[in-house]
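Please read the structure below before turning to the comments.
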Amino acid sequence: DLLLFKKFYLNNIYIILIKNMKKSKYLKLNKSNIIKKNNNSNEKNIHFGFAILKNFLAFEVIISHCFNRGLMSKIKNKFILLILTKRRTHVPSFFILSFYFNHNTLVSNDWKKKINRFARLLIPYIGWPIIIFIASNNSKYYKKYEHLSSYKILIYQLLTGEGQRLLHFWYLLDLIATTLLFILIILIFRKKYLFVFQLIIIFSYYLQYSEYYKKMIAPFYSKNAYSRENELIPYAVTGFTLASVKFFKLLENYKFNTFVLSILIYHLVRNKTIFTDAYGVVYQGIHLNILSICLVSFFSLFPLNCFKNKYLFKLLKIITNHSGGIFYLHQMVQFYFKDYFIEIKNATFNGLIIIYLISYIISVLGTAIFYKTILKNLFS
């Protein structure tokens, strides 16, 4: 009787609430938001596993750029050594996740979404070099770094994605260029674009493993964005294809198999010289794509929105939103804070953690200050 009473009571409350909400002018807005979240789950929901992975990859970027490899022999902790000696899968994994999560935007007919996507990439890409340039020209402290006080450096940074304090911004330029390429291919080839993408990845790997390509391109190769584009396109195609076939949803039915195989394949490929004879700057080779797919697949096993506690959910969302800010800021933090922290100056593992935390704090504060403006894209 008590259960029947509860069911009757709750059902009546629900009906009353729905009737009152229908009269409210806010119902349509809330309803549309709910529908948008359901229809565009890739972009709106928080995936616990991918959230952890993004922040781990952000830390791996700091390791790649800021750690003194000469100190490796002094580290005894096996877990820390495992992190430091991990293959360079941060950029490939970021590229895969980026085009996986933006699949719906790329295939959509809504050009507003596409414009917003470019805005989120262009604002930090253009904004931070200008900020660095202004700071270097108006501060006595920065005056001693003469290489930062030239208009040529700023122009070179914007054209190539490389500068003295923003060496890693080639990644953003490649992301912008690859996004534009994908949009053009989707517009031109319509329903056959997925097939065209597979042809592109085959051609890209053919070039990477071609001796003729190596001989012809080697004299012109450098570390800027243009030289790396051929290396990164396969990861973009991989992420886009995984989203197209709903790959991670398929894995939900084979969680144990995915868990075992992702670890096993990752271990085998990581420790063997399989497909490693490709030519490029850093991120070339089929082996890195295999490793990145294993890594992303492993973290996909975590459930979507697994935190029911709203405070834990908000905390996770805040942390996830700032992996981009950490990426933008970490080299600037290393440069400007090295005189205040001996760990950063000596590029120790503790220094990496300090760089990560300072970058995160600046990103959070910047987002909070500019939350209602487009400048928030500088930090998140």
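Ordering of the structure tokens sets the chain letters (A, B, ...); residue numbers start at 1 within each chain; ligands are numbered from 1 in the order shown.
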Need to verify the contact set: A:Gln334, 9 Å, only C-alpha atoms, exclusion of same-chain residues closer than 3 positions in sequence. Can you return it as an NGL selection string? :A and (66 or 329-331 or 337-338 or 344-345 or 347 or 351-352 or 355)
Near A:Phe259, counting only C-alpha atoms, which residues have an atom at most 12 Å away, once you skip same-chain residues fewer than 2 positions from it, shown as a PDB file with all heavy atoms, in the first residue's frame?
```pdb
ATOM      1  N   LEU A 251      32.304  -0.881 -28.802  1.00  0.00           N
ATOM      2  CA  LEU A 251      33.175  -1.488 -27.797  1.00  0.00           C
ATOM      3  C   LEU A 251      32.471  -1.726 -26.465  1.00  0.00           C
ATOM      4  O   LEU A 251      32.943  -2.538 -25.656  1.00  0.00           O
ATOM      5  CB  LEU A 251      34.403  -0.599 -27.557  1.00  0.00           C
ATOM      6  CG  LEU A 251      35.387  -0.424 -28.722  1.00  0.00           C
ATOM      7  CD1 LEU A 251      36.582   0.393 -28.270  1.00  0.00           C
ATOM      8  CD2 LEU A 251      35.836  -1.764 -29.283  1.00  0.00           C
ATOM      9  N   GLU A 252      31.362  -1.030 -26.232  1.00  0.00           N
ATOM     10  CA  GLU A 252      30.637  -1.206 -24.969  1.00  0.00           C
ATOM     11  C   GLU A 252      30.172  -2.644 -24.767  1.00  0.00           C
ATOM     12  O   GLU A 252      30.017  -3.097 -23.634  1.00  0.00           O
ATOM     13  CB  GLU A 252      29.443  -0.255 -24.921  1.00  0.00           C
ATOM     14  CG  GLU A 252      29.837   1.211 -24.767  1.00  0.00           C
ATOM     15  CD  GLU A 252      28.635   2.139 -24.803  1.00  0.00           C
ATOM     16  OE1 GLU A 252      27.495   1.612 -24.899  1.00  0.00           O
ATOM     17  OE2 GLU A 252      28.827   3.360 -24.740  1.00  0.00           O
ATOM     18  N   ASN A 253      29.950  -3.373 -25.849  1.00  0.00           N
ATOM     19  CA  ASN A 253      29.517  -4.767 -25.751  1.00  0.00           C
ATOM     20  C   ASN A 253      30.680  -5.738 -25.578  1.00  0.00           C
ATOM     21  O   ASN A 253      30.467  -6.941 -25.381  1.00  0.00           O
ATOM     22  CB  ASN A 253      28.730  -5.155 -27.015  1.00  0.00           C
ATOM     23  CG  ASN A 253      27.485  -4.309 -27.192  1.00  0.00           C
ATOM     24  OD1 ASN A 253      26.803  -3.980 -26.230  1.00  0.00           O
ATOM     25  ND2 ASN A 253      27.197  -3.937 -28.434  1.00  0.00           N
ATOM     26  N   TYR A 254      31.915  -5.208 -25.673  1.00  0.00           N
ATOM     27  CA  TYR A 254      33.094  -6.072 -25.580  1.00  0.00           C
ATOM     28  C   TYR A 254      34.125  -5.428 -24.650  1.00  0.00           C
ATOM     29  O   TYR A 254      35.300  -5.303 -24.999  1.00  0.00           O
ATOM     30  CB  TYR A 254      33.699  -6.289 -26.971  1.00  0.00           C
ATOM     31  CG  TYR A 254      32.713  -6.776 -27.998  1.00  0.00           C
ATOM     32  CD1 TYR A 254      32.089  -5.880 -28.880  1.00  0.00           C
ATOM     33  CD2 TYR A 254      32.371  -8.126 -28.097  1.00  0.00           C
ATOM     34  CE1 TYR A 254      31.181  -6.322 -29.830  1.00  0.00           C
ATOM     35  CE2 TYR A 254      31.459  -8.572 -29.033  1.00  0.00           C
ATOM     36  CZ  TYR A 254      30.868  -7.671 -29.892  1.00  0.00           C
ATOM     37  OH  TYR A 254      29.967  -8.108 -30.819  1.00  0.00           O
ATOM     38  N   LYS A 255      33.685  -5.026 -23.480  1.00  0.00           N
ATOM     39  CA  LYS A 255      34.547  -4.272 -22.574  1.00  0.00           C
ATOM     40  C   LYS A 255      35.771  -5.077 -22.124  1.00  0.00           C
ATOM     41  O   LYS A 255      36.891  -4.562 -22.114  1.00  0.00           O
ATOM     42  CB  LYS A 255      33.751  -3.797 -21.365  1.00  0.00           C
ATOM     43  CG  LYS A 255      32.810  -2.651 -21.686  1.00  0.00           C
ATOM     44  CD  LYS A 255      32.222  -2.049 -20.438  1.00  0.00           C
ATOM     45  CE  LYS A 255      31.377  -0.818 -20.785  1.00  0.00           C
ATOM     46  NZ  LYS A 255      30.826  -0.165 -19.596  1.00  0.00           N
ATOM     47  N   PHE A 256      35.554  -6.316 -21.741  1.00  0.00           N
ATOM     48  CA  PHE A 256      36.679  -7.122 -21.261  1.00  0.00           C
ATOM     49  C   PHE A 256      37.676  -7.372 -22.395  1.00  0.00           C
ATOM     50  O   PHE A 256      38.887  -7.251 -22.207  1.00  0.00           O
ATOM     51  CB  PHE A 256      36.188  -8.461 -20.700  1.00  0.00           C
ATOM     52  CG  PHE A 256      37.297  -9.346 -20.210  1.00  0.00           C
ATOM     53  CD1 PHE A 256      37.935  -9.074 -19.012  1.00  0.00           C
ATOM     54  CD2 PHE A 256      37.730 -10.435 -20.971  1.00  0.00           C
ATOM     55  CE1 PHE A 256      38.980  -9.874 -18.564  1.00  0.00           C
ATOM     56  CE2 PHE A 256      38.772 -11.240 -20.530  1.00  0.00           C
ATOM     57  CZ  PHE A 256      39.394 -10.960 -19.314  1.00  0.00           C
ATOM     58  N   ASN A 257      37.164  -7.725 -23.569  1.00  0.00           N
ATOM     59  CA  ASN A 257      38.037  -7.955 -24.727  1.00  0.00           C
ATOM     60  C   ASN A 257      38.818  -6.700 -25.098  1.00  0.00           C
ATOM     61  O   ASN A 257      40.010  -6.757 -25.424  1.00  0.00           O
ATOM     62  CB  ASN A 257      37.221  -8.418 -25.932  1.00  0.00           C
ATOM     63  CG  ASN A 257      36.602  -9.782 -25.721  1.00  0.00           C
ATOM     64  OD1 ASN A 257      37.032 -10.524 -24.847  1.00  0.00           O
ATOM     65  ND2 ASN A 257      35.594 -10.126 -26.506  1.00  0.00           N
ATOM     66  N   LEU A 261      42.850  -6.500 -25.021  1.00  0.00           N
ATOM     67  CA  LEU A 261      43.503  -6.280 -26.309  1.00  0.00           C
ATOM     68  C   LEU A 261      44.210  -4.926 -26.384  1.00  0.00           C
ATOM     69  O   LEU A 261      45.298  -4.824 -26.960  1.00  0.00           O
ATOM     70  CB  LEU A 261      42.480  -6.390 -27.445  1.00  0.00           C
ATOM     71  CG  LEU A 261      42.015  -7.803 -27.796  1.00  0.00           C
ATOM     72  CD1 LEU A 261      40.897  -7.769 -28.823  1.00  0.00           C
ATOM     73  CD2 LEU A 261      43.185  -8.633 -28.330  1.00  0.00           C
ATOM     74  N   SER A 262      43.589  -3.888 -25.826  1.00  0.00           N
ATOM     75  CA  SER A 262      44.211  -2.564 -25.878  1.00  0.00           C
ATOM     76  C   SER A 262      45.545  -2.552 -25.117  1.00  0.00           C
ATOM     77  O   SER A 262      46.526  -1.957 -25.580  1.00  0.00           O
ATOM     78  CB  SER A 262      43.266  -1.500 -25.319  1.00  0.00           C
ATOM     79  OG  SER A 262      42.929  -1.773 -23.969  1.00  0.00           O
ATOM     80  N   ILE A 263      45.574  -3.219 -23.964  1.00  0.00           N
ATOM     81  CA  ILE A 263      46.826  -3.302 -23.184  1.00  0.00           C
ATOM     82  C   ILE A 263      47.852  -4.172 -23.901  1.00  0.00           C
ATOM     83  O   ILE A 263      49.028  -3.806 -24.007  1.00  0.00           O
ATOM     84  CB  ILE A 263      46.549  -3.857 -21.775  1.00  0.00           C
ATOM     85  CG1 ILE A 263      45.695  -2.867 -20.975  1.00  0.00           C
ATOM     86  CG2 ILE A 263      47.861  -4.133 -21.036  1.00  0.00           C
ATOM     87  CD1 ILE A 263      45.271  -3.368 -19.617  1.00  0.00           C
ATOM     88  N   LEU A 264      47.411  -5.312 -24.404  1.00  0.00           N
ATOM     89  CA  LEU A 264      48.315  -6.250 -25.066  1.00  0.00           C
ATOM     90  C   LEU A 264      48.928  -5.654 -26.328  1.00  0.00           C
ATOM     91  O   LEU A 264      50.156  -5.684 -26.517  1.00  0.00           O
ATOM     92  CB  LEU A 264      47.560  -7.539 -25.410  1.00  0.00           C
ATOM     93  CG  LEU A 264      48.364  -8.651 -26.101  1.00  0.00           C
ATOM     94  CD1 LEU A 264      49.487  -9.127 -25.194  1.00  0.00           C
ATOM     95  CD2 LEU A 264      47.458  -9.809 -26.495  1.00  0.00           C
ATOM     96  N   ILE A 265      48.085  -5.085 -27.190  1.00  0.00           N
ATOM     97  CA  ILE A 265      48.574  -4.503 -28.450  1.00  0.00           C
ATOM     98  C   ILE A 265      49.477  -3.299 -28.171  1.00  0.00           C
ATOM     99  O   ILE A 265      50.528  -3.139 -28.799  1.00  0.00           O
ATOM    100  CB  ILE A 265      47.402  -4.110 -29.366  1.00  0.00           C
ATOM    101  CG1 ILE A 265      46.615  -5.357 -29.786  1.00  0.00           C
ATOM    102  CG2 ILE A 265      47.905  -3.366 -30.609  1.00  0.00           C
ATOM    103  CD1 ILE A 265      45.331  -5.056 -30.519  1.00  0.00           C
ATOM    104  N   TYR A 266      49.067  -2.458 -27.211  1.00  0.00           N
ATOM    105  CA  TYR A 266      49.884  -1.299 -26.843  1.00  0.00           C
ATOM    106  C   TYR A 266      51.272  -1.748 -26.392  1.00  0.00           C
ATOM    107  O   TYR A 266      52.294  -1.184 -26.808  1.00  0.00           O
ATOM    108  CB  TYR A 266      49.203  -0.506 -25.731  1.00  0.00           C
ATOM    109  CG  TYR A 266      49.904   0.793 -25.392  1.00  0.00           C
ATOM    110  CD1 TYR A 266      49.526   1.981 -25.996  1.00  0.00           C
ATOM    111  CD2 TYR A 266      50.955   0.817 -24.484  1.00  0.00           C
ATOM    112  CE1 TYR A 266      50.178   3.170 -25.701  1.00  0.00           C
ATOM    113  CE2 TYR A 266      51.625   1.992 -24.185  1.00  0.00           C
ATOM    114  CZ  TYR A 266      51.226   3.166 -24.795  1.00  0.00           C
ATOM    115  OH  TYR A 266      51.886   4.334 -24.506  1.00  0.00           O
ATOM    116  N   CYS A 294      44.764   2.381 -29.213  1.00  0.00           N
ATOM    117  CA  CYS A 294      44.717   1.524 -28.016  1.00  0.00           C
ATOM    118  C   CYS A 294      44.502   2.369 -26.767  1.00  0.00           C
ATOM    119  O   CYS A 294      43.700   2.015 -25.892  1.00  0.00           O
ATOM    120  CB  CYS A 294      46.015   0.732 -27.878  1.00  0.00           C
ATOM    121  SG  CYS A 294      46.230  -0.563 -29.098  1.00  0.00           S
ATOM    122  N   LEU A 295      45.217   3.480 -26.696  1.00  0.00           N
ATOM    123  CA  LEU A 295      45.117   4.361 -25.522  1.00  0.00           C
ATOM    124  C   LEU A 295      43.715   4.947 -25.392  1.00  0.00           C
ATOM    125  O   LEU A 295      43.099   4.900 -24.316  1.00  0.00           O
ATOM    126  CB  LEU A 295      46.151   5.485 -25.651  1.00  0.00           C
ATOM    127  CG  LEU A 295      46.435   6.320 -24.407  1.00  0.00           C
ATOM    128  CD1 LEU A 295      47.079   5.479 -23.332  1.00  0.00           C
ATOM    129  CD2 LEU A 295      47.347   7.494 -24.765  1.00  0.00           C
ATOM    130  N   VAL A 296      43.198   5.479 -26.490  1.00  0.00           N
ATOM    131  CA  VAL A 296      41.860   6.078 -26.480  1.00  0.00           C
ATOM    132  C   VAL A 296      40.792   5.015 -26.225  1.00  0.00           C
ATOM    133  O   VAL A 296      39.834   5.252 -25.473  1.00  0.00           O
ATOM    134  CB  VAL A 296      41.600   6.823 -27.810  1.00  0.00           C
ATOM    135  CG1 VAL A 296      40.172   7.337 -27.869  1.00  0.00           C
ATOM    136  CG2 VAL A 296      42.578   7.979 -27.980  1.00  0.00           C
ATOM    137  N   SER A 297      40.951   3.841 -26.811  1.00  0.00           N
ATOM    138  CA  SER A 297      39.982   2.750 -26.614  1.00  0.00           C
ATOM    139  C   SER A 297      39.944   2.312 -25.160  1.00  0.00           C
ATOM    140  O   SER A 297      38.875   2.038 -24.606  1.00  0.00           O
ATOM    141  CB  SER A 297      40.344   1.554 -27.504  1.00  0.00           C
ATOM    142  OG  SER A 297      40.266   1.898 -28.863  1.00  0.00           O
ATOM    143  N   PHE A 298      41.108   2.244 -24.534  1.00  0.00           N
ATOM    144  CA  PHE A 298      41.175   1.854 -23.126  1.00  0.00           C
ATOM    145  C   PHE A 298      40.392   2.831 -22.259  1.00  0.00           C
ATOM    146  O   PHE A 298      39.593   2.436 -21.406  1.00  0.00           O
ATOM    147  CB  PHE A 298      42.632   1.787 -22.664  1.00  0.00           C
ATOM    148  CG  PHE A 298      42.798   1.475 -21.207  1.00  0.00           C
ATOM    149  CD1 PHE A 298      42.730   0.169 -20.757  1.00  0.00           C
ATOM    150  CD2 PHE A 298      43.000   2.492 -20.281  1.00  0.00           C
ATOM    151  CE1 PHE A 298      42.872  -0.131 -19.408  1.00  0.00           C
ATOM    152  CE2 PHE A 298      43.144   2.209 -18.934  1.00  0.00           C
ATOM    153  CZ  PHE A 298      43.076   0.898 -18.494  1.00  0.00           C
ATOM    154  N   PHE A 299      40.600   4.128 -22.472  1.00  0.00           N
ATOM    155  CA  PHE A 299      39.913   5.132 -21.656  1.00  0.00           C
ATOM    156  C   PHE A 299      38.430   5.259 -22.018  1.00  0.00           C
ATOM    157  O   PHE A 299      37.648   5.792 -21.242  1.00  0.00           O
ATOM    158  CB  PHE A 299      40.609   6.480 -21.776  1.00  0.00           C
ATOM    159  CG  PHE A 299      41.839   6.587 -20.918  1.00  0.00           C
ATOM    160  CD1 PHE A 299      43.085   6.245 -21.416  1.00  0.00           C
ATOM    161  CD2 PHE A 299      41.752   7.010 -19.606  1.00  0.00           C
ATOM    162  CE1 PHE A 299      44.220   6.321 -20.632  1.00  0.00           C
ATOM    163  CE2 PHE A 299      42.875   7.096 -18.801  1.00  0.00           C
ATOM    164  CZ  PHE A 299      44.122   6.747 -19.315  1.00  0.00           C
ATOM    165  N   SER A 300      38.057   4.771 -23.188  1.00  0.00           N
ATOM    166  CA  SER A 300      36.636   4.797 -23.564  1.00  0.00           C
ATOM    167  C   SER A 300      35.807   3.826 -22.727  1.00  0.00           C
ATOM    168  O   SER A 300      34.583   3.907 -22.710  1.00  0.00           O
ATOM    169  CB  SER A 300      36.472   4.453 -25.051  1.00  0.00           C
ATOM    170  OG  SER A 300      36.660   3.061 -25.282  1.00  0.00           O
ATOM    171  N   LEU A 301      36.470   2.901 -22.031  1.00  0.00           N
ATOM    172  CA  LEU A 301      35.753   1.905 -21.226  1.00  0.00           C
ATOM    173  C   LEU A 301      35.094   2.515 -20.003  1.00  0.00           C
ATOM    174  O   LEU A 301      34.176   1.939 -19.438  1.00  0.00           O
ATOM    175  CB  LEU A 301      36.727   0.799 -20.777  1.00  0.00           C
ATOM    176  CG  LEU A 301      37.386  -0.008 -21.903  1.00  0.00           C
ATOM    177  CD1 LEU A 301      38.392  -0.981 -21.326  1.00  0.00           C
ATOM    178  CD2 LEU A 301      36.345  -0.754 -22.711  1.00  0.00           C
ATOM    179  N   PHE A 302      35.583   3.686 -19.584  1.00  0.00           N
ATOM    180  CA  PHE A 302      34.958   4.350 -18.445  1.00  0.00           C
ATOM    181  C   PHE A 302      33.564   4.821 -18.855  1.00  0.00           C
ATOM    182  O   PHE A 302      33.363   5.288 -19.965  1.00  0.00           O
ATOM    183  CB  PHE A 302      35.783   5.553 -17.989  1.00  0.00           C
ATOM    184  CG  PHE A 302      37.088   5.185 -17.351  1.00  0.00           C
ATOM    185  CD1 PHE A 302      38.217   4.989 -18.124  1.00  0.00           C
ATOM    186  CD2 PHE A 302      37.191   5.031 -15.985  1.00  0.00           C
ATOM    187  CE1 PHE A 302      39.433   4.644 -17.556  1.00  0.00           C
ATOM    188  CE2 PHE A 302      38.395   4.692 -15.395  1.00  0.00           C
ATOM    189  CZ  PHE A 302      39.514   4.496 -16.175  1.00  0.00           C
TER     190      PHE A 302
END
```
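Residues with any atom within 10 Å of A:Leu194, counting only C-alpha atoms and excluding same-chain neighbours fewer than 4 positions away, are Ile185, Ile186, Phe189, Arg190, Gln198, Leu199, Ile200, Val237, Phe240, Thr241 and Ser244 of chain A.
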Restrict the selected residues to N, CA, C and O atoms and save them as a compact mmCIF listing (two decimals), in the first residue's frame.
```
# COMPACT_ATOMS: atom_id res chain seq x y z
N ILE A 185 36.47 18.85 -48.18
CA ILE A 185 36.26 17.50 -48.73
C ILE A 185 34.82 17.05 -48.54
O ILE A 185 34.20 16.47 -49.45
N ILE A 186 34.25 17.33 -47.38
CA ILE A 186 32.85 16.96 -47.11
C ILE A 186 31.90 17.70 -48.04
O ILE A 186 30.92 17.14 -48.54
N PHE A 189 32.67 16.20 -51.86
CA PHE A 189 32.37 14.79 -52.15
C PHE A 189 31.07 14.28 -51.53
O PHE A 189 30.71 13.12 -51.71
N ARG A 190 30.41 15.15 -50.77
CA ARG A 190 29.10 14.81 -50.23
C ARG A 190 29.09 13.46 -49.52
O ARG A 190 29.77 13.27 -48.53
N GLN A 198 39.67 7.78 -46.43
CA GLN A 198 40.47 6.54 -46.35
C GLN A 198 41.56 6.54 -47.42
O GLN A 198 42.67 6.06 -47.16
N LEU A 199 41.27 7.08 -48.59
CA LEU A 199 42.29 7.20 -49.64
C LEU A 199 43.40 8.15 -49.19
O LEU A 199 44.59 7.90 -49.46
N ILE A 200 43.01 9.20 -48.50
CA ILE A 200 43.99 10.19 -48.03
C ILE A 200 44.94 9.57 -47.00
O ILE A 200 46.15 9.81 -47.05
N VAL A 237 41.86 11.64 -39.62
CA VAL A 237 40.99 10.70 -40.33
C VAL A 237 40.56 9.57 -39.39
O VAL A 237 39.40 9.15 -39.40
N PHE A 240 37.86 10.94 -36.95
CA PHE A 240 36.63 11.18 -37.69
C PHE A 240 35.95 9.86 -38.05
O PHE A 240 34.73 9.72 -37.92
N THR A 241 36.74 8.87 -38.48
CA THR A 241 36.19 7.56 -38.87
C THR A 241 35.62 6.82 -37.66
O THR A 241 34.55 6.20 -37.75
N SER A 244 32.33 8.23 -37.05
CA SER A 244 31.38 7.90 -38.12
C SER A 244 30.78 6.51 -37.93
O SER A 244 29.60 6.30 -38.18
```
Tell me, as a list in words, which residues lie within 12 Å of A:Gly127, counting only C-alpha atoms; anything in the same chain fewer than 6 positions away does not count.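 Everything that qualifies: Ala119, Arg120, Leu121, Phe133, Ile134, Leu154, Gln157, Leu158, Leu166, Phe169, Tyr328, Ile374, Leu375, Lys376, Asn377, Leu378 and Phe379 of chain A.
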Could you dump the residues just selected with all heavy atoms as a short mmCIF file (atom, residue, chain, number, x, y, z; two decimals), in the first residue's frame?
```
data_model
loop_
_atom_site.label_atom_id
_atom_site.label_comp_id
_atom_site.auth_asym_id
_atom_site.auth_seq_id
_atom_site.Cartn_x
_atom_site.Cartn_y
_atom_site.Cartn_z
N ALA A 119 36.63 29.88 -34.52
CA ALA A 119 36.87 30.96 -33.55
C ALA A 119 37.59 30.43 -32.32
O ALA A 119 38.52 31.08 -31.80
CB ALA A 119 35.53 31.59 -33.14
N ARG A 120 37.19 29.25 -31.84
CA ARG A 120 37.83 28.66 -30.66
C ARG A 120 39.30 28.35 -30.91
O ARG A 120 40.10 28.32 -29.98
CB ARG A 120 37.09 27.39 -30.24
CG ARG A 120 35.72 27.63 -29.64
CD ARG A 120 35.22 26.41 -28.88
NE ARG A 120 35.15 25.22 -29.71
CZ ARG A 120 34.08 24.87 -30.42
NH1 ARG A 120 33.00 25.65 -30.41
NH2 ARG A 120 34.08 23.76 -31.14
N LEU A 121 39.66 28.10 -32.17
CA LEU A 121 41.04 27.80 -32.50
C LEU A 121 41.84 29.05 -32.85
O LEU A 121 43.01 29.18 -32.47
CB LEU A 121 41.10 26.82 -33.69
CG LEU A 121 40.49 25.43 -33.46
CD1 LEU A 121 40.46 24.66 -34.77
CD2 LEU A 121 41.25 24.66 -32.41
N PHE A 133 54.02 39.46 -27.60
CA PHE A 133 54.73 40.54 -28.29
C PHE A 133 54.60 41.86 -27.53
O PHE A 133 55.58 42.58 -27.34
CB PHE A 133 54.18 40.70 -29.71
CG PHE A 133 54.78 41.85 -30.46
CD1 PHE A 133 56.05 41.76 -31.00
CD2 PHE A 133 54.06 43.03 -30.61
CE1 PHE A 133 56.60 42.81 -31.69
CE2 PHE A 133 54.62 44.10 -31.29
CZ PHE A 133 55.89 43.99 -31.84
N ILE A 134 53.38 42.17 -27.07
CA ILE A 134 53.15 43.41 -26.32
C ILE A 134 53.93 43.40 -25.01
O ILE A 134 54.57 44.38 -24.63
CB ILE A 134 51.65 43.61 -26.05
CG1 ILE A 134 50.92 43.87 -27.38
CG2 ILE A 134 51.41 44.76 -25.09
CD1 ILE A 134 49.41 43.87 -27.26
N LEU A 154 56.93 38.00 -34.55
CA LEU A 154 55.48 37.90 -34.45
C LEU A 154 54.87 37.42 -35.77
O LEU A 154 54.01 36.52 -35.78
CB LEU A 154 54.88 39.26 -34.08
CG LEU A 154 53.35 39.35 -34.06
CD1 LEU A 154 52.76 38.41 -33.03
CD2 LEU A 154 52.89 40.79 -33.81
N GLN A 157 55.69 33.82 -36.30
CA GLN A 157 54.86 33.00 -35.42
C GLN A 157 53.47 32.77 -36.03
O GLN A 157 52.97 31.64 -36.06
CB GLN A 157 54.71 33.70 -34.06
CG GLN A 157 53.66 33.11 -33.14
CD GLN A 157 54.15 31.89 -32.41
OE1 GLN A 157 55.08 31.97 -31.63
NE2 GLN A 157 53.54 30.75 -32.67
N LEU A 158 52.86 33.82 -36.52
CA LEU A 158 51.50 33.73 -37.06
C LEU A 158 51.47 32.95 -38.38
O LEU A 158 50.47 32.29 -38.68
CB LEU A 158 50.92 35.13 -37.27
CG LEU A 158 50.68 35.94 -35.99
CD1 LEU A 158 50.23 37.35 -36.33
CD2 LEU A 158 49.65 35.26 -35.09
N LEU A 166 56.27 30.17 -27.91
CA LEU A 166 55.08 29.43 -28.35
C LEU A 166 55.46 28.44 -29.45
O LEU A 166 54.82 28.36 -30.49
CB LEU A 166 54.01 30.42 -28.85
CG LEU A 166 53.50 31.43 -27.84
CD1 LEU A 166 52.69 32.52 -28.53
CD2 LEU A 166 52.65 30.76 -26.77
N PHE A 169 52.72 26.03 -30.90
CA PHE A 169 51.49 26.50 -31.55
C PHE A 169 51.35 26.02 -32.99
O PHE A 169 50.34 26.26 -33.64
CB PHE A 169 51.41 28.03 -31.47
CG PHE A 169 50.63 28.51 -30.27
CD1 PHE A 169 50.82 27.93 -29.03
CD2 PHE A 169 49.69 29.52 -30.38
CE1 PHE A 169 50.11 28.35 -27.92
CE2 PHE A 169 48.98 29.95 -29.28
CZ PHE A 169 49.19 29.37 -28.04
N TYR A 328 48.12 25.73 -23.95
CA TYR A 328 48.52 27.06 -24.44
C TYR A 328 49.59 27.69 -23.56
O TYR A 328 50.51 28.35 -24.05
CB TYR A 328 47.32 28.01 -24.48
CG TYR A 328 46.16 27.54 -25.31
CD1 TYR A 328 44.85 27.84 -24.93
CD2 TYR A 328 46.35 26.80 -26.47
CE1 TYR A 328 43.76 27.41 -25.69
CE2 TYR A 328 45.28 26.37 -27.22
CZ TYR A 328 43.98 26.67 -26.82
OH TYR A 328 42.91 26.25 -27.57
N ILE A 374 34.48 36.43 -25.78
CA ILE A 374 35.17 35.45 -26.63
C ILE A 374 36.61 35.23 -26.16
O ILE A 374 37.23 34.24 -26.56
CB ILE A 374 35.17 35.89 -28.11
CG1 ILE A 374 35.86 37.25 -28.27
CG2 ILE A 374 33.75 35.94 -28.65
CD1 ILE A 374 36.05 37.66 -29.72
N LEU A 375 37.12 36.12 -25.30
CA LEU A 375 38.49 35.97 -24.81
C LEU A 375 38.65 34.77 -23.90
O LEU A 375 39.78 34.37 -23.61
CB LEU A 375 38.92 37.24 -24.08
CG LEU A 375 39.06 38.49 -24.94
CD1 LEU A 375 39.47 39.69 -24.10
CD2 LEU A 375 40.08 38.27 -26.07
N LYS A 376 37.55 34.18 -23.45
CA LYS A 376 37.67 32.97 -22.62
C LYS A 376 38.33 31.84 -23.39
O LYS A 376 38.91 30.93 -22.80
CB LYS A 376 36.29 32.54 -22.11
CG LYS A 376 35.38 31.96 -23.19
CD LYS A 376 34.06 31.50 -22.61
CE LYS A 376 33.17 30.89 -23.70
NZ LYS A 376 31.87 30.46 -23.16
N ASN A 377 38.26 31.92 -24.73
CA ASN A 377 38.89 30.90 -25.55
C ASN A 377 40.41 30.92 -25.47
O ASN A 377 41.08 29.99 -25.92
CB ASN A 377 38.46 31.06 -27.02
CG ASN A 377 37.00 30.73 -27.22
OD1 ASN A 377 36.54 29.64 -26.91
ND2 ASN A 377 36.25 31.70 -27.73
N LEU A 378 40.97 31.98 -24.89
CA LEU A 378 42.41 32.03 -24.66
C LEU A 378 42.82 31.04 -23.57
O LEU A 378 43.98 30.64 -23.50
CB LEU A 378 42.84 33.44 -24.23
CG LEU A 378 42.81 34.53 -25.30
CD1 LEU A 378 43.00 35.89 -24.65
CD2 LEU A 378 43.89 34.28 -26.36
N PHE A 379 41.87 30.67 -22.73
CA PHE A 379 42.20 29.88 -21.54
C PHE A 379 41.53 28.51 -21.47
O PHE A 379 41.95 27.67 -20.68
CB PHE A 379 41.81 30.67 -20.28
CG PHE A 379 42.45 32.02 -20.20
CD1 PHE A 379 41.80 33.16 -20.65
CD2 PHE A 379 43.74 32.16 -19.69
CE1 PHE A 379 42.40 34.41 -20.58
CE2 PHE A 379 44.33 33.40 -19.62
CZ PHE A 379 43.67 34.53 -20.07
#
```
So, with only C-alpha atoms as the atoms that count, which of A:Ala236, A:Ile96, A:Ile132, A:Leu250 lies closest to A:Thr178?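 Among the listed residues, A:Ala236 lies closest to A:Thr178.
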Go through A:Tyr235, A:Phe50, A:Trp170, A:Tyr336 one by one, measure the shortest atom-to-atom distance of each to A:Phe197 using only C-alpha atoms, and give the residue with the smallest value.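 When distances to A:Phe197 are compared using only C-alpha atoms, the smallest one comes from A:Tyr235.
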Enter the distance from atom CA of A:Pro234 to atom CA of A:Leu173, in Å, rounded to one decimal.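 Separating atom CA of A:Pro234 from atom CA of A:Leu173 is a distance of 16.1 Å.
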